[in-house]
$ cat entry-v3.txt   # compact mmCIF, C-alpha atoms
# COMPACT_ATOMS: atom_id res chain seq x y z
CA MET A 14 -95.82 42.21 266.18
CA THR A 15 -96.32 38.72 264.94
CA LEU A 16 -93.66 36.09 265.25
CA VAL A 17 -93.96 32.85 263.41
CA GLY A 18 -93.29 30.20 265.98
CA ALA A 19 -91.18 31.07 268.97
CA ALA A 20 -87.44 30.81 269.18
CA PHE A 21 -86.12 31.16 272.71
CA TRP A 22 -82.53 31.71 273.75
CA LEU A 23 -82.04 28.78 276.05
CA ALA A 24 -78.36 28.43 276.73
CA VAL A 25 -75.02 30.06 276.22
CA ALA A 26 -72.65 27.23 275.47
CA GLU A 27 -69.40 28.99 276.25
CA GLY A 28 -67.77 32.36 276.13
CA GLY A 29 -70.03 34.68 278.15
CA PRO A 30 -71.59 37.91 276.92
CA ASP A 31 -68.89 38.63 274.35
CA ALA A 32 -69.39 35.31 272.66
CA ALA A 33 -70.25 35.34 268.98
CA PRO A 34 -73.88 34.59 268.12
CA THR A 35 -72.83 31.20 266.81
CA ASP A 36 -72.14 30.13 270.40
CA TYR A 37 -75.82 30.34 271.31
CA THR A 38 -78.29 27.54 271.04
CA VAL A 39 -81.63 28.37 269.45
CA THR A 40 -84.59 26.09 269.97
CA ARG A 41 -87.68 26.64 267.87
CA TYR A 42 -91.10 25.91 269.34
CA THR A 43 -94.17 25.54 267.18
CA ALA A 44 -97.56 23.86 267.38
CA GLU A 45 -95.69 20.56 267.11
CA GLN A 46 -94.35 21.21 270.62
CA ASP A 47 -97.85 22.09 271.92
CA LEU A 48 -97.70 25.82 271.29
CA PRO A 49 -101.39 26.64 270.63
CA GLN A 50 -100.59 28.23 267.28
CA ASN A 51 -97.57 29.49 265.39
CA SER A 52 -98.68 33.15 265.20
CA VAL A 53 -97.24 34.64 268.39
CA ARG A 54 -98.56 38.12 269.14
CA ALA A 55 -97.24 38.65 272.68
CA LEU A 56 -94.36 37.31 274.72
CA LEU A 57 -93.62 38.04 278.38
CA GLN A 58 -91.60 36.46 281.17
CA THR A 59 -93.12 37.13 284.58
CA ARG A 60 -91.10 37.47 287.77
CA ASP A 61 -91.98 33.91 288.84
CA GLY A 62 -89.99 32.67 285.84
CA TYR A 63 -92.84 31.53 283.61
CA LEU A 64 -92.75 32.58 279.98
CA TRP A 65 -96.20 33.56 278.67
CA VAL A 66 -96.95 33.30 274.98
CA GLY A 67 -100.03 34.96 273.49
CA THR A 68 -101.24 33.51 270.21
CA LEU A 69 -104.33 33.77 268.05
CA ALA A 70 -105.45 30.41 269.48
CA GLY A 71 -104.94 30.96 273.19
CA LEU A 72 -102.47 31.78 275.92
CA ALA A 73 -99.62 29.41 276.74
CA ARG A 74 -97.49 29.24 279.88
CA PHE A 75 -94.05 27.76 279.36
CA ASP A 76 -92.10 26.38 282.31
CA GLY A 77 -88.97 25.60 280.34
CA VAL A 78 -90.14 22.11 279.46
CA LYS A 79 -93.76 22.15 278.42
CA PHE A 80 -96.61 24.49 277.56
CA LYS A 81 -99.86 24.76 279.53
CA VAL A 82 -102.55 26.21 277.29
CA PHE A 83 -105.41 28.44 278.41
CA ASN A 84 -108.19 29.04 275.90
CA SER A 85 -111.92 29.72 275.83
CA SER A 86 -112.70 25.99 276.06
CA ASN A 87 -110.88 25.42 279.35
CA THR A 88 -110.99 28.98 280.75
CA PRO A 89 -114.51 30.48 280.76
CA GLU A 90 -113.17 33.92 281.66
CA LEU A 91 -111.45 34.20 278.28
CA PRO A 92 -113.90 35.85 275.84
CA ASN A 93 -112.04 34.43 272.85
CA ASP A 94 -108.74 32.84 271.98
CA ALA A 95 -106.95 35.80 270.37
CA ILE A 96 -104.36 37.18 272.78
CA ASN A 97 -103.26 40.64 271.69
CA ALA A 98 -101.02 41.91 274.49
CA LEU A 99 -99.55 40.97 277.87
CA ALA A 100 -98.10 42.98 280.76
CA GLU A 101 -96.89 42.23 284.28
CA ASP A 102 -98.26 44.26 287.17
CA ARG A 103 -95.34 46.02 288.88
CA ARG A 104 -96.92 45.81 292.31
CA ASP A 105 -97.95 42.18 292.68
CA GLY A 106 -96.66 40.43 289.56
CA SER A 107 -100.15 39.69 288.18
CA LEU A 108 -100.38 38.97 284.50
CA TRP A 109 -102.60 41.37 282.54
CA ILE A 110 -104.08 40.04 279.32
CA ASN A 111 -105.72 41.78 276.39
CA ALA A 112 -107.76 39.00 274.88
CA GLY A 113 -109.47 40.79 271.98
CA LYS A 114 -112.16 42.99 273.54
CA GLY A 115 -111.55 41.41 276.90
CA LEU A 116 -109.26 42.56 279.71
CA LEU A 117 -108.25 39.92 282.23
CA ARG A 118 -105.86 39.53 285.12
CA TYR A 119 -104.24 36.25 286.14
CA HIS A 120 -103.23 36.15 289.77
CA GLY A 121 -103.11 33.38 292.34
CA HIS A 122 -103.89 30.71 289.72
CA ARG A 123 -107.17 32.31 288.71
CA PHE A 124 -108.39 34.59 285.93
CA GLU A 125 -110.49 37.67 286.61
CA ARG A 126 -112.44 39.62 283.97
CA PHE A 127 -112.54 43.41 283.90
CA ASP A 128 -115.38 44.29 281.56
CA GLU A 129 -117.51 47.15 280.29
CA GLU A 130 -120.31 46.31 282.75
CA GLN A 131 -117.90 47.26 285.53
CA GLY A 132 -117.29 50.58 283.82
CA ILE A 133 -113.88 49.54 282.57
CA PRO A 134 -113.14 50.45 278.95
CA GLN A 135 -111.58 47.65 276.95
CA PRO A 136 -108.07 48.02 275.53
CA PHE A 137 -107.55 48.34 271.82
CA GLY A 138 -103.91 47.28 271.63
CA GLY A 139 -100.97 47.23 274.01
CA LEU A 140 -100.90 47.12 277.80
CA TRP A 141 -98.21 48.98 279.76
CA PRO A 142 -97.60 48.59 283.50
CA ALA A 143 -98.15 51.60 285.75
CA HIS A 144 -95.57 52.38 288.43
CA GLY A 145 -97.88 51.93 291.40
CA GLY A 146 -99.52 48.81 290.01
CA GLY A 147 -102.24 48.51 287.42
CA LEU A 148 -102.13 49.44 283.78
CA TRP A 149 -101.95 52.10 281.14
CA TYR A 150 -103.74 51.38 277.88
CA SER A 151 -105.65 53.02 275.07
CA PRO A 152 -109.25 51.99 274.31
CA HIS A 153 -109.59 54.30 271.30
CA PRO A 154 -107.25 56.45 269.22
CA GLY A 155 -106.34 59.56 271.19
CA GLN A 156 -107.62 58.16 274.47
CA LEU A 157 -105.46 57.12 277.40
CA VAL A 158 -106.61 55.14 280.44
CA VAL A 159 -104.99 54.15 283.71
CA LEU A 160 -106.61 51.30 285.64
CA GLN A 161 -105.59 50.89 289.28
CA ASP A 162 -107.49 48.90 291.92
CA LYS A 163 -110.55 48.73 289.63
CA SER A 164 -110.59 52.49 289.44
CA VAL A 165 -110.32 54.06 285.98
CA ARG A 166 -109.06 57.47 284.90
CA THR A 167 -109.51 58.42 281.26
CA TRP A 168 -107.96 61.25 279.31
CA GLN A 169 -109.00 62.40 275.87
CA LEU A 170 -105.76 63.63 274.38
CA ARG A 171 -106.73 66.55 272.22
CA PRO A 172 -105.10 66.83 268.82
CA ARG A 173 -102.14 69.11 268.86
CA ARG A 174 -101.26 69.49 265.24
CA ALA A 175 -103.08 71.07 262.36
CA SER A 176 -103.30 69.62 258.89
CA GLU A 177 -102.37 71.62 255.81
CA ASN A 178 -105.87 73.05 255.47
CA GLY A 179 -105.93 74.11 259.11
CA ASP A 180 -108.14 71.29 260.41
CA GLU A 181 -107.05 69.54 263.54
CA ILE A 182 -105.84 66.00 263.11
CA PRO A 183 -107.95 63.57 265.16
CA GLY A 184 -106.41 61.76 268.11
CA HIS A 185 -103.74 59.37 267.04
CA ARG A 186 -103.28 55.75 267.83
CA ILE A 187 -101.09 55.19 270.87
CA LEU A 188 -98.50 52.49 270.24
CA ARG A 189 -96.58 52.61 273.48
CA VAL A 190 -96.69 54.26 276.89
CA GLU A 191 -93.72 54.67 279.22
CA GLU A 192 -94.32 56.06 282.70
CA GLU A 193 -91.63 58.00 284.52
CA GLU A 194 -91.22 57.59 288.28
CA GLY A 195 -92.81 60.98 288.80
CA GLY A 196 -95.98 59.87 287.02
CA ALA A 197 -95.53 61.62 283.68
CA CYS A 198 -95.93 59.45 280.60
CA TRP A 199 -94.33 59.29 277.19
CA TYR A 200 -96.53 58.17 274.33
CA MET B 18 -98.87 55.54 263.59
CA PRO B 19 -98.40 58.21 266.24
CA ILE B 20 -98.11 61.78 264.99
CA GLY B 21 -95.21 62.48 267.30
CA LEU B 22 -93.64 61.64 270.63
CA PHE B 23 -95.36 63.37 273.52
CA ARG B 24 -94.82 63.74 277.24
CA PHE B 25 -98.06 63.74 279.20
CA VAL B 26 -98.53 64.92 282.79
CA PRO B 27 -101.69 63.31 284.24
CA GLU B 28 -102.08 65.88 287.04
CA THR B 29 -102.46 68.72 284.58
CA GLY B 30 -103.65 66.81 281.52
CA VAL B 31 -100.97 68.63 279.53
CA SER B 32 -99.16 66.97 276.62
CA SER B 33 -95.94 68.42 275.22
CA LEU B 34 -94.51 67.46 271.87
CA LEU B 35 -91.00 66.02 272.21
CA SER B 36 -90.31 64.86 268.66
CA PRO B 37 -87.05 66.19 267.20
CA ILE B 38 -87.40 69.55 265.48
CA GLY B 39 -85.11 68.41 262.65
CA MET B 40 -87.19 65.34 261.94
CA SER B 41 -88.63 65.70 258.46
CA ASP B 42 -91.79 63.79 259.34
CA SER B 43 -93.20 63.74 262.85
CA TYR B 44 -94.58 60.21 262.53
CA TYR B 45 -92.47 57.63 264.30
CA ARG B 46 -92.26 53.87 264.20
CA SER B 47 -91.03 53.01 267.65
CA VAL B 48 -89.59 54.53 270.82
CA ALA B 49 -87.35 52.85 273.36
CA ARG B 50 -86.48 54.25 276.77
CA GLN B 51 -83.44 52.56 278.23
CA ASP B 52 -82.55 52.13 281.90
CA GLN B 53 -79.94 54.91 281.77
CA GLY B 54 -82.63 57.33 280.65
CA ILE B 55 -81.52 57.33 277.02
CA VAL B 56 -84.44 57.62 274.61
CA LEU B 57 -84.17 56.24 271.09
CA LEU B 58 -86.73 57.17 268.48
CA ALA B 59 -87.07 55.23 265.24
CA ALA B 60 -88.61 57.55 262.66
CA ARG B 61 -89.23 57.49 258.94
CA ASP B 62 -86.09 59.49 258.29
CA GLY B 63 -83.72 57.65 260.61
CA LEU B 64 -82.77 56.95 264.20
CA TRP B 65 -82.70 59.71 266.82
CA ARG B 66 -81.29 59.80 270.35
CA LEU B 67 -82.46 62.17 273.05
CA SER B 68 -79.23 63.71 274.28
CA THR B 69 -80.70 65.70 277.15
CA ARG B 70 -80.85 64.10 280.57
CA PRO B 71 -84.39 63.08 281.57
CA GLN B 72 -84.46 65.60 284.43
CA THR B 73 -83.70 68.40 282.00
CA VAL B 74 -86.39 67.16 279.68
CA ALA B 75 -88.86 67.03 282.55
CA THR B 76 -88.19 70.69 283.27
CA ALA B 77 -88.20 71.70 279.66
CA ALA B 78 -91.39 69.78 279.00
CA ALA B 79 -93.35 71.83 281.52
CA THR B 80 -94.46 74.18 278.78
CA PRO B 81 -97.99 75.37 278.10
CA ASP B 82 -100.27 72.84 276.52
CA GLY B 83 -99.37 72.04 272.97
CA GLN B 84 -96.01 73.75 272.87
CA ARG B 85 -92.92 71.89 271.85
CA ALA B 86 -90.74 70.86 274.77
CA GLY B 87 -87.07 71.79 274.72
CA ALA B 88 -85.65 68.33 274.22
CA GLU B 89 -82.36 68.03 272.36
CA TRP B 90 -82.09 65.21 269.85
CA GLU B 91 -79.13 63.78 268.00
CA ASN B 92 -79.65 62.19 264.62
CA LEU B 93 -77.71 58.91 264.74
CA GLU B 94 -78.63 57.58 261.33
CA ARG B 95 -80.38 59.31 258.48
CA VAL B 96 -82.42 57.49 255.89
CA ALA B 97 -82.90 59.02 252.45
CA PRO B 98 -86.55 59.80 251.64
CA ASP B 99 -86.55 57.37 248.73
CA ASP B 100 -84.71 54.63 250.61

$ encode --input "entry-v3.txt" --output "structure tokens"
Amino acid sequence: MTLVGAAFWLAVAEGGPDAAPTDYTVTRYTAEQDLPQNSVRALLQTRDGYLWVGTLAGLARFDGVKFKVFNSSNTPELPNDAINALAEDRRDGSLWINAGKGLLRYHGHRFERFDEEQGIPQPFGGLWPAHGGGLWYSPHPGQLVVLQDKSVRTWQLRPRRASENGDEIPGHRILRVEEEEGGACWY
Amino acid sequence: MPIGLFRFVPETGVSSLLSPIGMSDSYYRSVARQDQGIVLLAARDGLWRLSTRPQTVATAAATPDGQRAGAEWENLERVAPDD
């Protein structure tokens, strides 16, 4: 998903939840208001109230007034400036970041890299919080990973459907994962 | 795009296909699971709602690997193939 600029619902003037859309105030934020770039690829509000905006030119934290920008020039842990996906850890509220071939966690005002050298496969697209903390993600089509406490479990989801000529269709790209309380996942 | 909506049980490694049987094309665009347990599936041929309670689905989904789970879907909006 790519949004051009970011329009945030800031205030309901009057009328409560049944109010017509015209009663809302829309404020548009772009690079002119210090957003790193106008192509927004990820948007997430963490439990501490900050709104995180992932762009192709870095990660921005919005406090309701101004943006603080994190990019590869001021944050050495960021492998590049393209932010593809964000998720909040359900256990401790950490921010998980897919920064184009780089998985990071922001917690306690510091970034931490989780890389291949540690045996952690890198996410291809989205990040989805796991119930007990940590993340679900897919490093390759047809592959599902859960990362918890730096421990990784990987499943190769075998193709389940046959094509017209009887060949199995290769593992498909996983767009979204939803975990039930019992641990089962929808994808 | 995904080739269908699946339910996966990590303990067993089993995936069960949940996509609506009446869906003309098993590819879907998006799935949303709401707080009340309602599942909405946006597919090429329209919008579907899972009408079975999640607990029922969980039981029905415990089928052998690769079999279609017994989820019941309601077609809320149908889109013509050439639309």

$ residues_around --input "entry-v3.txt" --residues "Arg95 in chain B" --least-positions-apart "4" --cutoff "7 Å" --atoms "all atoms listed in the file" --output "PyMOL selection string"
chain B and resi 62-64

$ write_last_selection --input "entry-v3.txt" --atoms "C-alpha atoms" --output "tab-separated table (two decimals), in the coordinates of the input"
chain	number	residue	atom	x	y	z
B	62	ASP	CA	-86.09	59.49	258.29
B	63	GLY	CA	-83.72	57.65	260.61
B	64	LEU	CA	-82.77	56.95	264.20

$ closest_atom_pairs --input "entry-v3.txt" --of "chain A" --to "chain B" --cutoff "8 Å" --atoms "only C-alpha atoms" --output "JSON lines"
{"residue": "A:Trp168", "atom": "CA", "partner": "B:Gly30", "partner_atom": "CA", "distance": 7.4}
{"residue": "A:Leu170", "atom": "CA", "partner": "B:Ser32", "partner_atom": "CA", "distance": 7.7}
{"residue": "A:Arg173", "atom": "CA", "partner": "B:Gly83", "partner_atom": "CA", "distance": 5.8}
{"residue": "A:His185", "atom": "CA", "partner": "B:Pro19", "partner_atom": "CA", "distance": 5.5}
{"residue": "A:Arg186", "atom": "CA", "partner": "B:Pro19", "partner_atom": "CA", "distance": 5.7}
{"residue": "A:Ile187", "atom": "CA", "partner": "B:Pro19", "partner_atom": "CA", "distance": 6.1}
{"residue": "A:Leu188", "atom": "CA", "partner": "B:Pro19", "partner_atom": "CA", "distance": 7.0}
{"residue": "A:Arg189", "atom": "CA", "partner": "B:Val48", "partner_atom": "CA", "distance": 7.7}
{"residue": "A:Glu191", "atom": "CA", "partner": "B:Arg50", "partner_atom": "CA", "distance": 7.7}
{"residue": "A:Gly196", "atom": "CA", "partner": "B:Val26", "partner_atom": "CA", "distance": 7.1}
{"residue": "A:Ala197", "atom": "CA", "partner": "B:Val26", "partner_atom": "CA", "distance": 4.5}
{"residue": "A:Cys198", "atom": "CA", "partner": "B:Phe25", "partner_atom": "CA", "distance": 5.0}
{"residue": "A:Trp199", "atom": "CA", "partner": "B:Arg24", "partner_atom": "CA", "distance": 4.5}
{"residue": "A:Tyr200", "atom": "CA", "partner": "B:Phe23", "partner_atom": "CA", "distance": 5.4}

$ atom_distance --input "entry-v3.txt" --atom1 "CA of Trp149 in chain A" --atom2 "CA of Thr68 in chain A"
21.6 Å

$ residues_around --input "entry-v3.txt" --residues "range 77-89 of chain A" --least-positions-apart "6" --cutoff "8 Å" --atoms "only C-alpha atoms" --output "JSON, numbers by chain"
{"A": [46, 47, 48, 49, 63, 64, 70, 71]}

$ atom_distance --input "entry-v3.txt" --atom1 "CA of Ile110 in chain A" --atom2 "CA of Pro154 in chain A"
19.5 Å

$ closest_residue --input "entry-v3.txt" --among "A:Phe75, A:Asn51, A:Glu125, A:Thr59" --to "Leu99 in chain A" --atoms "only C-alpha atoms"
A:Thr59

$ residues_around --input "entry-v3.txt" --residues "Ala143 in chain A" --least-positions-apart "2" --cutoff "10 Å" --atoms "all atoms listed in the file" --output "number ranges by chain"
A: 100-104, 140-141, 145-150, 159-161, 190-194, 196, 198

$ atom_distance --input "entry-v3.txt" --atom1 "CA of Gln135 in chain A" --atom2 "CA of Ser151 in chain A"
8.2 Å

$ residues_around --input "entry-v3.txt" --residues "Arg66 in chain B" --least-positions-apart "2" --cutoff "10 Å" --atoms "all atoms listed in the file" --output "list of chain:residue names"
B:Pro37, B:Val48, B:Ala49, B:Arg50, B:Ile55, B:Val56, B:Leu57, B:Leu58, B:Ala59, B:Leu64, B:Ser68, B:Thr69, B:Glu89, B:Trp90, B:Glu91, B:Asn92, B:Leu93, B:Glu94

$ residues_around --input "entry-v3.txt" --residues "Gly115 in chain A" --least-positions-apart "5" --cutoff "9 Å" --atoms "only C-alpha atoms" --output "short mmCIF file (atom, residue, chain, number, x, y, z; two decimals) with C-alpha atoms, in the frame of the given file"
data_model
loop_
_atom_site.label_atom_id
_atom_site.label_comp_id
_atom_site.auth_asym_id
_atom_site.auth_seq_id
_atom_site.Cartn_x
_atom_site.Cartn_y
_atom_site.Cartn_z
CA LEU A 91 -111.45 34.20 278.28
CA PRO A 92 -113.90 35.85 275.84
CA ASN A 93 -112.04 34.43 272.85
CA ILE A 110 -104.08 40.04 279.32
CA ARG A 126 -112.44 39.62 283.97
CA PHE A 127 -112.54 43.41 283.90
CA ASP A 128 -115.38 44.29 281.56
CA GLU A 129 -117.51 47.15 280.29
CA GLN A 135 -111.58 47.65 276.95
CA PRO A 136 -108.07 48.02 275.53
#

$ decode --input "entry-v3.txt" --residues "range 29-63 of chain B" --atoms "N, CA and C atoms" --output "PDB file, in the first residue's frame"
ATOM      1  N   THR B  29       0.877 -28.923  14.345  1.00  0.00           N
ATOM      2  CA  THR B  29       0.804 -30.071  13.436  1.00  0.00           C
ATOM      3  C   THR B  29       1.398 -29.766  12.060  1.00  0.00           C
ATOM      4  N   GLY B  30       1.562 -28.474  11.759  1.00  0.00           N
ATOM      5  CA  GLY B  30       2.028 -28.089  10.435  1.00  0.00           C
ATOM      6  C   GLY B  30       0.958 -28.261   9.362  1.00  0.00           C
ATOM      7  N   VAL B  31      -0.292 -28.423   9.792  1.00  0.00           N
ATOM      8  CA  VAL B  31      -1.384 -28.682   8.846  1.00  0.00           C
ATOM      9  C   VAL B  31      -2.061 -27.381   8.432  1.00  0.00           C
ATOM     10  N   SER B  32      -2.256 -27.207   7.125  1.00  0.00           N
ATOM     11  CA  SER B  32      -3.020 -26.087   6.593  1.00  0.00           C
ATOM     12  C   SER B  32      -4.326 -26.621   6.007  1.00  0.00           C
ATOM     13  N   SER B  33      -5.415 -25.914   6.290  1.00  0.00           N
ATOM     14  CA  SER B  33      -6.713 -26.287   5.724  1.00  0.00           C
ATOM     15  C   SER B  33      -7.251 -25.129   4.920  1.00  0.00           C
ATOM     16  N   LEU B  34      -7.743 -25.430   3.747  1.00  0.00           N
ATOM     17  CA  LEU B  34      -8.292 -24.387   2.883  1.00  0.00           C
ATOM     18  C   LEU B  34      -9.647 -23.938   3.401  1.00  0.00           C
ATOM     19  N   LEU B  35      -9.809 -22.628   3.575  1.00  0.00           N
ATOM     20  CA  LEU B  35     -11.060 -22.078   4.103  1.00  0.00           C
ATOM     21  C   LEU B  35     -11.827 -21.267   3.076  1.00  0.00           C
ATOM     22  N   SER B  36     -11.248 -21.025   1.931  1.00  0.00           N
ATOM     23  CA  SER B  36     -11.910 -20.168   0.938  1.00  0.00           C
ATOM     24  C   SER B  36     -13.302 -20.701   0.615  1.00  0.00           C
ATOM     25  N   PRO B  37     -14.258 -19.798   0.331  1.00  0.00           N
ATOM     26  CA  PRO B  37     -15.621 -20.227   0.040  1.00  0.00           C
ATOM     27  C   PRO B  37     -15.684 -21.178  -1.152  1.00  0.00           C
ATOM     28  N   ILE B  38     -16.487 -22.216  -1.011  1.00  0.00           N
ATOM     29  CA  ILE B  38     -16.631 -23.191  -2.091  1.00  0.00           C
ATOM     30  C   ILE B  38     -17.247 -22.540  -3.328  1.00  0.00           C
ATOM     31  N   GLY B  39     -18.189 -21.610  -3.103  1.00  0.00           N
ATOM     32  CA  GLY B  39     -18.868 -20.975  -4.237  1.00  0.00           C
ATOM     33  C   GLY B  39     -18.039 -19.917  -4.943  1.00  0.00           C
ATOM     34  N   MET B  40     -16.889 -19.616  -4.400  1.00  0.00           N
ATOM     35  CA  MET B  40     -16.068 -18.561  -4.998  1.00  0.00           C
ATOM     36  C   MET B  40     -15.546 -19.056  -6.348  1.00  0.00           C
ATOM     37  N   SER B  41     -15.736 -18.244  -7.377  1.00  0.00           N
ATOM     38  CA  SER B  41     -15.401 -18.707  -8.720  1.00  0.00           C
ATOM     39  C   SER B  41     -13.890 -18.768  -8.934  1.00  0.00           C
ATOM     40  N   ASP B  42     -13.148 -18.017  -8.144  1.00  0.00           N
ATOM     41  CA  ASP B  42     -11.704 -17.971  -8.296  1.00  0.00           C
ATOM     42  C   ASP B  42     -11.119 -17.914  -6.892  1.00  0.00           C
ATOM     43  N   SER B  43     -10.249 -18.842  -6.563  1.00  0.00           N
ATOM     44  CA  SER B  43      -9.797 -18.938  -5.178  1.00  0.00           C
ATOM     45  C   SER B  43      -8.813 -17.836  -4.779  1.00  0.00           C
ATOM     46  N   TYR B  44      -8.319 -17.062  -5.725  1.00  0.00           N
ATOM     47  CA  TYR B  44      -7.439 -15.957  -5.373  1.00  0.00           C
ATOM     48  C   TYR B  44      -8.233 -14.904  -4.611  1.00  0.00           C
ATOM     49  N   TYR B  45      -7.625 -14.317  -3.610  1.00  0.00           N
ATOM     50  CA  TYR B  45      -8.318 -13.228  -2.917  1.00  0.00           C
ATOM     51  C   TYR B  45      -7.414 -12.012  -2.800  1.00  0.00           C
ATOM     52  N   ARG B  46      -8.065 -10.876  -2.612  1.00  0.00           N
ATOM     53  CA  ARG B  46      -7.334  -9.613  -2.528  1.00  0.00           C
ATOM     54  C   ARG B  46      -6.949  -9.268  -1.102  1.00  0.00           C
ATOM     55  N   SER B  47      -7.897  -9.477  -0.189  1.00  0.00           N
ATOM     56  CA  SER B  47      -7.656  -9.045   1.178  1.00  0.00           C
ATOM     57  C   SER B  47      -8.568  -9.810   2.122  1.00  0.00           C
ATOM     58  N   VAL B  48      -8.124  -9.980   3.365  1.00  0.00           N
ATOM     59  CA  VAL B  48      -8.968 -10.611   4.371  1.00  0.00           C
ATOM     60  C   VAL B  48      -8.912  -9.763   5.626  1.00  0.00           C
ATOM     61  N   ALA B  49     -10.065  -9.595   6.263  1.00  0.00           N
ATOM     62  CA  ALA B  49     -10.122  -8.820   7.504  1.00  0.00           C
ATOM     63  C   ALA B  49     -10.816  -9.659   8.554  1.00  0.00           C
ATOM     64  N   ARG B  50     -10.235  -9.728   9.724  1.00  0.00           N
ATOM     65  CA  ARG B  50     -10.824 -10.486  10.834  1.00  0.00           C
ATOM     66  C   ARG B  50     -11.167  -9.482  11.922  1.00  0.00           C
ATOM     67  N   GLN B  51     -12.457  -9.296  12.147  1.00  0.00           N
ATOM     68  CA  GLN B  51     -12.890  -8.270  13.078  1.00  0.00           C
ATOM     69  C   GLN B  51     -12.914  -8.810  14.503  1.00  0.00           C
ATOM     70  N   ASP B  52     -13.050  -7.878  15.467  1.00  0.00           N
ATOM     71  CA  ASP B  52     -12.998  -8.245  16.881  1.00  0.00           C
ATOM     72  C   ASP B  52     -14.065  -9.277  17.247  1.00  0.00           C
ATOM     73  N   GLN B  53     -15.234  -9.170  16.625  1.00  0.00           N
ATOM     74  CA  GLN B  53     -16.330 -10.085  16.968  1.00  0.00           C
ATOM     75  C   GLN B  53     -16.128 -11.461  16.331  1.00  0.00           C
ATOM     76  N   GLY B  54     -15.028 -11.659  15.666  1.00  0.00           N
ATOM     77  CA  GLY B  54     -14.766 -12.948  15.043  1.00  0.00           C
ATOM     78  C   GLY B  54     -15.290 -13.050  13.629  1.00  0.00           C
ATOM     79  N   ILE B  55     -15.883 -11.974  13.127  1.00  0.00           N
ATOM     80  CA  ILE B  55     -16.392 -11.995  11.754  1.00  0.00           C
ATOM     81  C   ILE B  55     -15.209 -11.881  10.793  1.00  0.00           C
ATOM     82  N   VAL B  56     -15.217 -12.723   9.768  1.00  0.00           N
ATOM     83  CA  VAL B  56     -14.144 -12.690   8.774  1.00  0.00           C
ATOM     84  C   VAL B  56     -14.719 -12.230   7.447  1.00  0.00           C
ATOM     85  N   LEU B  57     -14.124 -11.214   6.871  1.00  0.00           N
ATOM     86  CA  LEU B  57     -14.536 -10.703   5.568  1.00  0.00           C
ATOM     87  C   LEU B  57     -13.435 -10.998   4.566  1.00  0.00           C
ATOM     88  N   LEU B  58     -13.829 -11.487   3.413  1.00  0.00           N
ATOM     89  CA  LEU B  58     -12.859 -11.863   2.393  1.00  0.00           C
ATOM     90  C   LEU B  58     -13.188 -11.109   1.106  1.00  0.00           C
ATOM     91  N   ALA B  59     -12.257 -10.308   0.651  1.00  0.00           N
ATOM     92  CA  ALA B  59     -12.445  -9.574  -0.603  1.00  0.00           C
ATOM     93  C   ALA B  59     -11.811 -10.387  -1.717  1.00  0.00           C
ATOM     94  N   ALA B  60     -12.639 -10.879  -2.620  1.00  0.00           N
ATOM     95  CA  ALA B  60     -12.165 -11.757  -3.694  1.00  0.00           C
ATOM     96  C   ALA B  60     -12.413 -11.102  -5.042  1.00  0.00           C
ATOM     97  N   ARG B  61     -11.969 -11.773  -6.095  1.00  0.00           N
ATOM     98  CA  ARG B  61     -12.166 -11.227  -7.431  1.00  0.00           C
ATOM     99  C   ARG B  61     -13.647 -11.120  -7.789  1.00  0.00           C
ATOM    100  N   ASP B  62     -14.431 -12.069  -7.243  1.00  0.00           N
ATOM    101  CA  ASP B  62     -15.840 -12.100  -7.645  1.00  0.00           C
ATOM    102  C   ASP B  62     -16.761 -11.465  -6.624  1.00  0.00           C
ATOM    103  N   GLY B  63     -16.239 -10.777  -5.625  1.00  0.00           N
ATOM    104  CA  GLY B  63     -17.099 -10.079  -4.686  1.00  0.00           C
ATOM    105  C   GLY B  63     -16.604 -10.173  -3.250  1.00  0.00           C
TER     106      GLY B  63
END
